[in-house]
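Asks: Here it is, the structure in full.
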Amino acid sequence: MVQASADAEIDQSTMTKAAQRWLHAFESAVNTGDRPVSELFCSDGWWRDVLAFTWTIVTFTGTERIDAGSRDALARWTLKPFRCDAGELNCQFSTDYDVPTIQVYFTFTLGEGRGRGRGLLRLLSSTADAEIPAAWALLTVLEDVGPHKPRASAKPDPRIFGGANWLDRRIHERSYVDHDPTVLIVGGGQAGLSLAARLKELEVDALIVDRHERIGDNWRKRYHALELHNETWANHLPLVPFPDFWPTYLSKDKLANWFESYVETLELNYWPATTFQSGEFDTGERRWLATLQGADGATREIRPRHIVIATGVSGIPYTPRMHGIEEFAGQVLHSSSYTTGNRYAGKDVLVIGTGSSGHDIAQDLHAAGANVTMMQRGSTSVVSLYPSVQMWSSIYQKDKDTDESDFLSLSSAYPLMVQSARKLTKIANEYDKELIDGLNAVGFLTDVGEDATGWQMKYFRRGGGYYINVGCSELIADGKVRVVQYDDVAGFERNGLRYVDGSKEHFDACIFATGYLDQQAGVRAHFGDAIAEKVGSVWGFDEYGETKNVWKPTPQESLWFAMGSLTACRIYSKFLARQIWAVETGQVPDK
């Protein structure tokens, strides 16, 4: 076992031969057990597997965990004969993450018809001449699920005059009057739609339910000025990409309308204005009893095999208790209910919270002519949209194949995410120094995130605590949007705030941009305490550096979670759909 070290660039022939030797050794270790797989890695190496060997999403960091994880996978699954395609290899010298490596793309086949996979191997270039070079990083991904092939183009429907036509059949299919869906997806945003599309491709029957009256309302009903902060080409939904001529940044309404057309185009079964009330798992039949309520108040029970909660990282709105808030005579609302600043023109408005929603609402209020004050409850990571945020999404380019970018994104396992985020945060802070200094000068508190990893790791770890600047920071620095600190506030009274120093300030309205409760609170509300405690927290990172309980099995049988950005939903919906398909086809046990 060797540690990573620096090295000079090496020639193509040497890289290819080194890669072939390693892949042959890896193939032999899997098939014959002639050596532990961990011996092929350096001591600080890691292996991320996405369904290929483990039927889950997991990262093994360090040789001890690689050894235990690989032994468990090989003991549990029939992988032999495992074959690596070590012929024509795409090998490149790379210094990504400041580690000189030979970067190797390869394909492989799993035994017993389990399917084909794709891998990305990073060998330490300093060990290229060794009998078996040392791997620093390995990604293995299940690409095709064995004998299953996506549905072929539909044959022309027979013209039966006097019988059911296509529309009649669609209405019947999505009514579920004579059968239950295999999968109930709760939430019709990007997570729910992406998963339903992937399940449709695998011919797994799924029903989406959403409490909003219209498909896309989860975006359409957000505040008036909302636009996405990353480029359109990073945000495609599965199977049906956005048109090439669309704008670089999508507005909420354009995206909402696309959701509506997406459901119609792919013939996804979707019940709007339907609330998921509760779910009880029948351990005997191994099905859920799910209770749904329609807009008319009528309830219906269905019995799906799986329930997927796809209501997003943002679940139940969180409003912290503030001393005296019950005495405040002005309007009080949570940011989830905010739509436009026009009604607040000329009024004094307090926005509590300095994350993304707080900033965007403050900017929208200011543009509408309101007098805006933000209350900061803790320091905030601030980064400019240009050029800083673009560095994080640099693997997605307008003319670059999205599938290739997605595959490369999968290779950014937790150890690399932290290393990359720390590096990019340092560069961003240099770009944004003037911006940050201006904020600090007026008393706005900023930070660089836990372990100096900035806004990106804040998103993955806690889902908030940062702001991507699209203009509000300048308003704050120029004094056009005021900032007060939570520690300086004694509490609310009838007409506004009372400060610790005894001074008072008038406000007409207070908007809590204070985020949302963990999804575990939603589980508790809909499934009860026992299942909530069994599942545990949802989001953040587990001990293996993977997102807790998201896109993979949870401790509760047949209960899954799907959430994240449009990019994440496009990527990981494929793998959640395949896990559910594997359970339904007996490829993997479902408990």
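In the structure tokens, chains take letters A, B, ... by order of appearance, with residues numbered from 1 within each chain and ligands from 1 in the order shown.
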Can you pull out the residues contacting A:Ala368? Cut-off 8 Å, using only C-alpha atoms, and skip same-chain residues under 6 positions away; I want them as a ChimeraX atom specification.
Replies: /A:341-342,344-345
Asks: Select, from A:Tyr572, A:Tyr223, A:Tyr386, A:Trp581, the residue with the minimum atom-to-atom distance to A:Asp360, counting only C-alpha atoms.
Replies: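 With only C-alpha atoms as the atom set, the closest residue is A:Tyr223.
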Asks: Env of stretch 96-113 of chain A: 6 Å cut, atoms = only C-alpha atoms, seq-sep filter 4 positions within chain, self excluded. Answer as a CSV table (one decimal) with C-alpha atoms, in the first residue's frame.
Replies:
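Okay, part_7.csv is ready:
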```csv
chain,number,residue,atom,x,y,z
A,6,ALA,CA,3.6,13.8,-7.2
A,79,LEU,CA,-20.9,-11.6,-9.9
A,80,LYS,CA,-18.8,-14.3,-11.7
A,81,PRO,CA,-17.7,-14.4,-14.3
A,82,PHE,CA,-16.8,-10.8,-14.0
A,83,ARG,CA,-15.1,-9.4,-17.1
A,84,CYS,CA,-13.3,-6.1,-17.6
A,85,ASP,CA,-12.9,-4.7,-21.0
A,90,ASN,CA,-9.3,5.7,-22.8
A,91,CYS,CA,-6.4,6.7,-20.7
A,92,GLN,CA,-5.5,10.3,-19.7
A,117,GLY,CA,-21.3,-1.5,-16.1
A,118,ARG,CA,-18.9,1.4,-16.6
A,119,GLY,CA,-16.0,2.4,-14.5
A,120,LEU,CA,-13.6,5.2,-13.9
A,121,LEU,CA,-10.2,4.3,-12.5
A,122,ARG,CA,-7.6,6.7,-11.2
A,123,LEU,CA,-4.1,5.1,-10.8
A,124,LEU,CA,-1.3,6.9,-9.0
A,125,SER,CA,1.0,7.7,-11.9
A,146,GLY,CA,-29.2,-7.4,-17.3
```
Asks: Within 7 Å of A:Ser194, counting only C-alpha atoms, which residues qualify if same-chain residues fewer than 5 places away don't, as a list in words?
Replies: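 Contacts, in chain order: Leu237, Pro238, Cys569, Arg570 and Ser573 of chain A.
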Asks: Excluding stretch 260-277 of chain A and any residue of its chain fewer than 2 positions from it, enumerate the residues within 10 Å of it, using only C-alpha atoms, and give them as a PDB file with N, CA and C atoms, in the first residue's frame.
Replies:
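This went into around-v1.pdb:
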```pdb
ATOM      1  N   ARG A 170     -55.831   6.072 -21.535  1.00  0.00           N
ATOM      2  CA  ARG A 170     -55.005   6.850 -20.607  1.00  0.00           C
ATOM      3  C   ARG A 170     -55.806   7.211 -19.358  1.00  0.00           C
ATOM      4  N   ILE A 171     -57.028   7.625 -19.539  1.00  0.00           N
ATOM      5  CA  ILE A 171     -57.858   7.986 -18.392  1.00  0.00           C
ATOM      6  C   ILE A 171     -58.040   6.784 -17.465  1.00  0.00           C
ATOM      7  N   GLU A 173     -56.036   4.143 -17.271  1.00  0.00           N
ATOM      8  CA  GLU A 173     -54.741   3.766 -16.699  1.00  0.00           C
ATOM      9  C   GLU A 173     -54.419   4.592 -15.464  1.00  0.00           C
ATOM     10  N   ARG A 174     -54.637   5.887 -15.527  1.00  0.00           N
ATOM     11  CA  ARG A 174     -54.246   6.737 -14.397  1.00  0.00           C
ATOM     12  C   ARG A 174     -55.324   6.849 -13.319  1.00  0.00           C
ATOM     13  N   SER A 175     -56.472   6.208 -13.547  1.00  0.00           N
ATOM     14  CA  SER A 175     -57.525   6.242 -12.531  1.00  0.00           C
ATOM     15  C   SER A 175     -57.302   5.203 -11.441  1.00  0.00           C
ATOM     16  N   TYR A 176     -56.640   4.106 -11.768  1.00  0.00           N
ATOM     17  CA  TYR A 176     -56.366   3.011 -10.835  1.00  0.00           C
ATOM     18  C   TYR A 176     -57.662   2.499 -10.185  1.00  0.00           C
ATOM     19  N   PRO A 181     -51.016   0.919  -7.959  1.00  0.00           N
ATOM     20  CA  PRO A 181     -49.683   1.135  -8.528  1.00  0.00           C
ATOM     21  C   PRO A 181     -48.634   0.325  -7.770  1.00  0.00           C
ATOM     22  N   LEU A 184     -45.894   4.272  -5.262  1.00  0.00           N
ATOM     23  CA  LEU A 184     -46.549   5.550  -5.000  1.00  0.00           C
ATOM     24  C   LEU A 184     -45.461   6.584  -4.751  1.00  0.00           C
ATOM     25  N   ILE A 185     -45.430   7.625  -5.586  1.00  0.00           N
ATOM     26  CA  ILE A 185     -44.457   8.702  -5.441  1.00  0.00           C
ATOM     27  C   ILE A 185     -45.181   9.908  -4.865  1.00  0.00           C
ATOM     28  N   VAL A 186     -44.757  10.352  -3.697  1.00  0.00           N
ATOM     29  CA  VAL A 186     -45.377  11.493  -3.030  1.00  0.00           C
ATOM     30  C   VAL A 186     -44.548  12.733  -3.334  1.00  0.00           C
ATOM     31  N   GLY A 187     -45.072  13.602  -4.191  1.00  0.00           N
ATOM     32  CA  GLY A 187     -44.362  14.813  -4.589  1.00  0.00           C
ATOM     33  C   GLY A 187     -44.142  14.843  -6.089  1.00  0.00           C
ATOM     34  N   GLY A 188     -44.598  15.927  -6.722  1.00  0.00           N
ATOM     35  CA  GLY A 188     -44.536  16.018  -8.182  1.00  0.00           C
ATOM     36  C   GLY A 188     -43.551  17.044  -8.685  1.00  0.00           C
ATOM     37  N   GLY A 192     -39.839  13.636  -8.134  1.00  0.00           N
ATOM     38  CA  GLY A 192     -40.925  12.727  -8.461  1.00  0.00           C
ATOM     39  C   GLY A 192     -41.072  12.478  -9.945  1.00  0.00           C
ATOM     40  N   LEU A 193     -40.959  13.538 -10.755  1.00  0.00           N
ATOM     41  CA  LEU A 193     -41.085  13.377 -12.200  1.00  0.00           C
ATOM     42  C   LEU A 193     -39.935  12.563 -12.772  1.00  0.00           C
ATOM     43  N   SER A 194     -38.709  12.845 -12.323  1.00  0.00           N
ATOM     44  CA  SER A 194     -37.543  12.114 -12.836  1.00  0.00           C
ATOM     45  C   SER A 194     -37.659  10.631 -12.537  1.00  0.00           C
ATOM     46  N   ALA A 196     -40.423   8.889 -11.842  1.00  0.00           N
ATOM     47  CA  ALA A 196     -41.543   8.295 -12.585  1.00  0.00           C
ATOM     48  C   ALA A 196     -41.152   8.008 -14.024  1.00  0.00           C
ATOM     49  N   ALA A 197     -40.380   8.913 -14.633  1.00  0.00           N
ATOM     50  CA  ALA A 197     -39.930   8.700 -16.012  1.00  0.00           C
ATOM     51  C   ALA A 197     -39.013   7.487 -16.105  1.00  0.00           C
ATOM     52  N   LEU A 199     -38.920   4.905 -14.023  1.00  0.00           N
ATOM     53  CA  LEU A 199     -39.713   3.700 -13.774  1.00  0.00           C
ATOM     54  C   LEU A 199     -40.552   3.341 -14.990  1.00  0.00           C
ATOM     55  N   LYS A 200     -41.075   4.342 -15.677  1.00  0.00           N
ATOM     56  CA  LYS A 200     -41.850   4.100 -16.890  1.00  0.00           C
ATOM     57  C   LYS A 200     -40.988   3.393 -17.932  1.00  0.00           C
ATOM     58  N   GLU A 201     -39.739   3.827 -18.047  1.00  0.00           N
ATOM     59  CA  GLU A 201     -38.814   3.221 -18.994  1.00  0.00           C
ATOM     60  C   GLU A 201     -38.575   1.754 -18.662  1.00  0.00           C
ATOM     61  N   ASP A 205     -44.985   0.227 -12.833  1.00  0.00           N
ATOM     62  CA  ASP A 205     -46.161   1.099 -12.722  1.00  0.00           C
ATOM     63  C   ASP A 205     -46.008   2.040 -11.529  1.00  0.00           C
ATOM     64  N   ALA A 206     -46.104   3.356 -11.782  1.00  0.00           N
ATOM     65  CA  ALA A 206     -45.931   4.348 -10.720  1.00  0.00           C
ATOM     66  C   ALA A 206     -47.004   5.419 -10.820  1.00  0.00           C
ATOM     67  N   LEU A 207     -47.448   5.879  -9.662  1.00  0.00           N
ATOM     68  CA  LEU A 207     -48.412   6.973  -9.550  1.00  0.00           C
ATOM     69  C   LEU A 207     -47.783   8.091  -8.736  1.00  0.00           C
ATOM     70  N   ILE A 208     -47.837   9.323  -9.279  1.00  0.00           N
ATOM     71  CA  ILE A 208     -47.388  10.506  -8.557  1.00  0.00           C
ATOM     72  C   ILE A 208     -48.609  11.187  -7.955  1.00  0.00           C
ATOM     73  N   VAL A 209     -48.517  11.584  -6.682  1.00  0.00           N
ATOM     74  CA  VAL A 209     -49.547  12.432  -6.086  1.00  0.00           C
ATOM     75  C   VAL A 209     -48.883  13.700  -5.564  1.00  0.00           C
ATOM     76  N   ASP A 210     -49.574  14.817  -5.697  1.00  0.00           N
ATOM     77  CA  ASP A 210     -49.028  16.095  -5.241  1.00  0.00           C
ATOM     78  C   ASP A 210     -50.174  16.963  -4.726  1.00  0.00           C
ATOM     79  N   ARG A 211     -49.911  17.689  -3.656  1.00  0.00           N
ATOM     80  CA  ARG A 211     -50.969  18.473  -3.015  1.00  0.00           C
ATOM     81  C   ARG A 211     -51.364  19.703  -3.827  1.00  0.00           C
ATOM     82  N   HIS A 212     -50.498  20.170  -4.731  1.00  0.00           N
ATOM     83  CA  HIS A 212     -50.810  21.360  -5.516  1.00  0.00           C
ATOM     84  C   HIS A 212     -51.892  21.063  -6.557  1.00  0.00           C
ATOM     85  N   GLU A 213     -52.650  22.123  -6.924  1.00  0.00           N
ATOM     86  CA  GLU A 213     -53.764  21.949  -7.845  1.00  0.00           C
ATOM     87  C   GLU A 213     -53.313  21.668  -9.275  1.00  0.00           C
ATOM     88  N   ARG A 214     -52.136  22.130  -9.630  1.00  0.00           N
ATOM     89  CA  ARG A 214     -51.677  22.040 -11.015  1.00  0.00           C
ATOM     90  C   ARG A 214     -50.243  21.523 -11.064  1.00  0.00           C
ATOM     91  N   ILE A 215     -49.937  20.701 -12.031  1.00  0.00           N
ATOM     92  CA  ILE A 215     -48.573  20.195 -12.199  1.00  0.00           C
ATOM     93  C   ILE A 215     -47.625  21.379 -12.407  1.00  0.00           C
ATOM     94  N   GLY A 216     -46.550  21.408 -11.659  1.00  0.00           N
ATOM     95  CA  GLY A 216     -45.583  22.494 -11.758  1.00  0.00           C
ATOM     96  C   GLY A 216     -45.786  23.592 -10.739  1.00  0.00           C
ATOM     97  N   ASP A 217     -46.867  23.517  -9.952  1.00  0.00           N
ATOM     98  CA  ASP A 217     -47.137  24.578  -8.979  1.00  0.00           C
ATOM     99  C   ASP A 217     -46.082  24.671  -7.887  1.00  0.00           C
ATOM    100  N   LEU A 237     -34.274  17.280 -17.468  1.00  0.00           N
ATOM    101  CA  LEU A 237     -34.935  16.117 -16.888  1.00  0.00           C
ATOM    102  C   LEU A 237     -34.571  14.879 -17.719  1.00  0.00           C
ATOM    103  N   PRO A 238     -34.744  13.674 -17.171  1.00  0.00           N
ATOM    104  CA  PRO A 238     -34.400  12.465 -17.927  1.00  0.00           C
ATOM    105  C   PRO A 238     -35.219  12.320 -19.206  1.00  0.00           C
ATOM    106  N   LEU A 239     -34.588  11.768 -20.213  1.00  0.00           N
ATOM    107  CA  LEU A 239     -35.225  11.312 -21.454  1.00  0.00           C
ATOM    108  C   LEU A 239     -35.651  12.434 -22.397  1.00  0.00           C
ATOM    109  N   VAL A 240     -36.116  13.552 -21.875  1.00  0.00           N
ATOM    110  CA  VAL A 240     -36.584  14.647 -22.731  1.00  0.00           C
ATOM    111  C   VAL A 240     -35.846  15.929 -22.329  1.00  0.00           C
ATOM    112  N   PRO A 241     -34.748  16.258 -22.987  1.00  0.00           N
ATOM    113  CA  PRO A 241     -33.978  17.450 -22.623  1.00  0.00           C
ATOM    114  C   PRO A 241     -34.677  18.740 -23.029  1.00  0.00           C
ATOM    115  N   LEU A 255     -40.079  26.701 -16.124  1.00  0.00           N
ATOM    116  CA  LEU A 255     -39.816  25.351 -15.633  1.00  0.00           C
ATOM    117  C   LEU A 255     -41.121  24.661 -15.235  1.00  0.00           C
ATOM    118  N   ALA A 256     -42.006  25.388 -14.575  1.00  0.00           N
ATOM    119  CA  ALA A 256     -43.291  24.810 -14.163  1.00  0.00           C
ATOM    120  C   ALA A 256     -44.104  24.342 -15.361  1.00  0.00           C
ATOM    121  N   ASN A 257     -44.132  25.152 -16.401  1.00  0.00           N
ATOM    122  CA  ASN A 257     -44.876  24.763 -17.600  1.00  0.00           C
ATOM    123  C   ASN A 257     -44.249  23.545 -18.275  1.00  0.00           C
ATOM    124  N   TRP A 258     -42.917  23.455 -18.209  1.00  0.00           N
ATOM    125  CA  TRP A 258     -42.229  22.285 -18.768  1.00  0.00           C
ATOM    126  C   TRP A 258     -42.625  21.022 -18.001  1.00  0.00           C
ATOM    127  N   GLY A 279     -49.296   6.348   5.867  1.00  0.00           N
ATOM    128  CA  GLY A 279     -48.897   5.065   5.310  1.00  0.00           C
ATOM    129  C   GLY A 279     -48.632   4.067   6.420  1.00  0.00           C
ATOM    130  N   ALA A 290     -51.820   3.026   1.963  1.00  0.00           N
ATOM    131  CA  ALA A 290     -51.641   4.475   1.882  1.00  0.00           C
ATOM    132  C   ALA A 290     -52.995   5.153   1.780  1.00  0.00           C
ATOM    133  N   THR A 291     -53.181   6.183   2.582  1.00  0.00           N
ATOM    134  CA  THR A 291     -54.425   6.949   2.563  1.00  0.00           C
ATOM    135  C   THR A 291     -54.181   8.293   1.897  1.00  0.00           C
ATOM    136  N   LEU A 292     -54.996   8.589   0.882  1.00  0.00           N
ATOM    137  CA  LEU A 292     -54.872   9.822   0.114  1.00  0.00           C
ATOM    138  C   LEU A 292     -56.167  10.614   0.248  1.00  0.00           C
ATOM    139  N   GLN A 293     -56.046  11.937   0.179  1.00  0.00           N
ATOM    140  CA  GLN A 293     -57.221  12.801   0.237  1.00  0.00           C
ATOM    141  C   GLN A 293     -57.241  13.728  -0.964  1.00  0.00           C
ATOM    142  N   GLY A 294     -58.360  13.765  -1.669  1.00  0.00           N
ATOM    143  CA  GLY A 294     -58.498  14.622  -2.828  1.00  0.00           C
ATOM    144  C   GLY A 294     -58.953  16.020  -2.451  1.00  0.00           C
ATOM    145  N   ALA A 295     -59.049  16.891  -3.446  1.00  0.00           N
ATOM    146  CA  ALA A 295     -59.430  18.282  -3.219  1.00  0.00           C
ATOM    147  C   ALA A 295     -60.832  18.394  -2.633  1.00  0.00           C
ATOM    148  N   ASP A 296     -61.699  17.412  -2.922  1.00  0.00           N
ATOM    149  CA  ASP A 296     -63.077  17.447  -2.418  1.00  0.00           C
ATOM    150  C   ASP A 296     -63.206  16.910  -1.003  1.00  0.00           C
ATOM    151  N   GLY A 297     -62.064  16.515  -0.409  1.00  0.00           N
ATOM    152  CA  GLY A 297     -62.086  15.992   0.946  1.00  0.00           C
ATOM    153  C   GLY A 297     -62.288  14.501   1.039  1.00  0.00           C
ATOM    154  N   ALA A 298     -62.641  13.871  -0.066  1.00  0.00           N
ATOM    155  CA  ALA A 298     -62.853  12.420  -0.066  1.00  0.00           C
ATOM    156  C   ALA A 298     -61.510  11.696   0.042  1.00  0.00           C
ATOM    157  N   THR A 299     -61.486  10.586   0.753  1.00  0.00           N
ATOM    158  CA  THR A 299     -60.263   9.803   0.916  1.00  0.00           C
ATOM    159  C   THR A 299     -60.323   8.525   0.090  1.00  0.00           C
ATOM    160  N   ARG A 300     -59.145   8.040  -0.235  1.00  0.00           N
ATOM    161  CA  ARG A 300     -59.034   6.782  -0.971  1.00  0.00           C
ATOM    162  C   ARG A 300     -57.819   6.035  -0.455  1.00  0.00           C
ATOM    163  N   ILE A 309     -40.894   9.092  -1.001  1.00  0.00           N
ATOM    164  CA  ILE A 309     -41.149  10.468  -0.590  1.00  0.00           C
ATOM    165  C   ILE A 309     -40.249  11.373  -1.428  1.00  0.00           C
ATOM    166  N   ALA A 525     -44.861  12.570  10.935  1.00  0.00           N
ATOM    167  CA  ALA A 525     -46.239  13.029  10.762  1.00  0.00           C
ATOM    168  C   ALA A 525     -47.080  12.049   9.948  1.00  0.00           C
ATOM    169  N   HIS A 526     -46.467  11.384   8.967  1.00  0.00           N
ATOM    170  CA  HIS A 526     -47.239  10.550   8.045  1.00  0.00           C
ATOM    171  C   HIS A 526     -47.147   9.054   8.323  1.00  0.00           C
ATOM    172  N   PHE A 527     -46.065   8.641   8.984  1.00  0.00           N
ATOM    173  CA  PHE A 527     -45.874   7.202   9.203  1.00  0.00           C
ATOM    174  C   PHE A 527     -45.813   6.822  10.681  1.00  0.00           C
TER     175      PHE A 527
END
```
Asks: Would you kindly return, as a PyMOL selection string, each protein, DNA or RNA residue with an atom no farther than 10 Å from any atom of stretch 324-335 of chain A, considering only C-alpha atoms and excluding same-chain residues fewer than 2 positions away?
Replies: chain A and resi 222-223+317-319+321-322+337-339+349-353+357-358+361+490-498+506-516
Asks: If you run DSSP over the backbone, which residues in stretch 410-443 of chain A end up helix (DSSP H, G or I)? Put them as an NGL selection string.
Replies: :A and (410 or 414-431 or 433-441)
Asks: I'd like the interatomic distance between atom CA of A:Ser405 and atom CA of A:Gln12, to a tenth of an Å.
Replies: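 So the two atoms, atom CA of A:Ser405 and atom CA of A:Gln12, lie 23.5 Å apart.
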Asks: Using Å and a single decimal, report how far atom CA of A:Glu227 sits from atom CA of A:Ala441.
Replies: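 Computing the Euclidean distance for atom CA of A:Ala441 and atom CA of A:Glu227 yields 28.8 Å.
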Asks: Using only C-alpha atoms, which of the listed residues (A:Ala477, A:Met417, A:Ile436, A:Val470) sits closest to A:Asp364?
Replies: A:Val470
